[in-house]
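Here is the structure we will look at, set down as structure tokens.
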There are 2 protein chains.
Amino acid sequence: MKNVSRLTWLNGMTFESEQFGHKIIVDADSKFGGQDLGARPKVLLLTALAGCTGMDVVSILKKMKIENYKLEIQVEGELTDQHPKIYHTINVTFNLTGKNLPEDKVKKAVELSETKYCGVTTMLKKSAKINTKIKINQGEIS
Amino acid sequence: MKNVSRLTWLNGMTFESEQFGHKIIVDADSKFGGQDLGARPKVLLLTALAGCTGMDVVSILKKMKIENYKLEIQVEGELTDQHPKIYHTINVTFNLTGKNLPEDKVKKAVELSETKYCGVTTMLKKSAKINTKIKINQGEIS
């Protein structure tokens, strides 16, 4: 299977990207010559990671008949100081809220995504140490 | 330096992401239970790569006093068949159009991005073989 993303340069550091008919503006911060009109390329890697693992987790929990909850995922990436700047550490926090959420099943769903299904995690962990936290109703589970 | 991306699950496979105040909807194709309302996570990796190297190239060419041209970047990623599905090959094509574009300088700008500046390329090439083509006014340069 093949995926394609196309970018057209608009001006300055501003690009318009297109994938499967969806458009995203990509831009840099003003301190790097951009106009802050859209997403930063390197942050899109973190968005990709969050989306990939998030879809896995909701799919796996659905198969486990767990559907009535809220989920937020925060992904922080820490960059090296020298060029080429890469993420040396990525911290992923899953925040679930809901009644009677079974810790063991939530933990299992996250583990299955990390170890078996999420291709973005698999790719990025070749560069970065990925640390994962799970919080249920704001309490961290081990 | 630290980057952050936050995703909130809306429903199905649909998530809303936020980074530096910019929102992007992330969703899956209908054949994977999604509603096709936004970007696919794994394709965002290719958008990140295109944006990162694109910003490098326009910056470097600007320093070389080359500014009057158009640029489109196409990035194709070929996925493995088995889970976790990762890109084993990524093909990047730079399409530049304009008068009197110096091949050697364009080639140098792309090489500097690939080898020295683009952190996204550096991270993804740990998983994928990255092949690069440069076309000036639709003619491929070696």
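Convention: chains lettered A, B, ... in structure tokens order; per-chain residue numbering from 1; ligands numbered from 1 as shown.
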
Which of chain B counts as alpha helix (DSSP H) under DSSP, as a PyMOL selection string please?
chain B and resi 41-63+103-112+119-124

Long-range neighbours of region 18-21 of chain A as an MDAnalysis selection string, 12 Å cut-off, only C-alpha atoms, 5 positions minimum in chain
(chainID A and resid 2:9 26) or (chainID B and resid 26:29 36:48 50:51 72:76)

Closest to chain A among B:Leu101, B:Val57, B:Leu79, B:Ile66, using only C-alpha atoms?
B:Leu79

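With only C-alpha atoms as the atoms that count, the minimum distance from chain A to the choices B:Gly54, B:Gly119, B:Gly33, B:Pro102 is reached by B:Gly119.
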
Can you tell me, as a compact mmCIF listing (two decimals) with C-alpha atoms, in the first residue's frame, what residues are no more than 10 Å from region 120-126 of chain B when counting only C-alpha atoms, ignoring any on the same chain fewer than 6 positions away?
# COMPACT_ATOMS: atom_id res chain seq x y z
CA PRO A 41 6.24 20.00 10.33
CA LYS A 42 8.05 18.47 13.27
CA LEU A 44 3.02 16.83 12.91
CA LEU A 45 5.14 13.80 13.83
CA HIS A 83 21.16 19.95 13.70
CA PRO A 84 19.59 17.79 12.47
CA LYS A 85 17.21 18.32 15.41
CA ILE A 86 15.44 15.10 16.23
CA TYR A 87 13.28 13.93 19.11
CA HIS A 88 15.46 12.11 21.62
CA VAL A 120 4.21 5.47 13.84
CA MET A 123 9.19 4.21 13.39
CA LEU A 124 9.76 7.00 15.92
CA LYS A 125 11.12 4.74 18.63
CA LYS A 126 14.14 4.09 16.43
CA SER A 127 15.16 7.68 17.21
CA ALA A 128 13.45 8.51 20.49
CA LEU B 45 4.51 11.65 8.61
CA LEU B 46 4.94 12.29 4.89
CA ALA B 48 5.96 16.44 8.07
CA LEU B 49 8.84 15.23 5.91
CA ALA B 50 7.77 17.37 2.94
CA GLY B 51 7.29 20.46 5.13
CA CYS B 52 10.59 20.03 6.94
CA THR B 53 12.70 19.54 3.84
CA ILE B 86 5.76 1.07 8.65
CA TYR B 87 7.19 2.82 5.62
CA HIS B 88 9.95 0.68 4.15
CA THR B 89 10.49 3.11 1.24
CA ILE B 90 9.81 6.84 0.89
CA SER B 113 18.55 19.44 3.90
CA GLU B 114 18.82 15.66 3.61

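Atom pair CA of Lys31 (chain B) / CA of Glu16 (chain A) has a distance of 26.6 Å (rounded to one decimal).
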
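Comparing A:Asp56, A:Glu140, A:Glu103, A:Asp81 by their smallest distance to Tyr117 (chain B), the closest is A:Asp81 (using only C-alpha atoms).
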
Can you tell me, as a PyMOL selection string, which residues in region 36-127 of chain A count as strand (DSSP E or B) by DSSP?
chain A and resi 39+70-79+87-97

Kindly indicate which residue among B:Gln138, B:Gln35, B:Ser59, B:Ser30 lies nearest to chain A, using only C-alpha atoms for the distances.
B:Ser59

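For the choices B:Met64, B:Cys118, B:Gly98, B:Lys107, the atom-to-atom distance to chain A is smallest for B:Cys118 when using only C-alpha atoms.
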
Among the residues A:Asn131, A:Asn68, A:Asn137, A:Ser142, the one that comes closest to chain B [using only C-alpha atoms]:
A:Asn68

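Taking CA of Val106 (chain A) and CA of Lys23 (chain B) as endpoints, the distance between them is 26.8 Å.
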
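The two atoms in question, CA of Glu111 (chain B) and CA of Lys99 (chain B), are spaced 21.4 Å apart.
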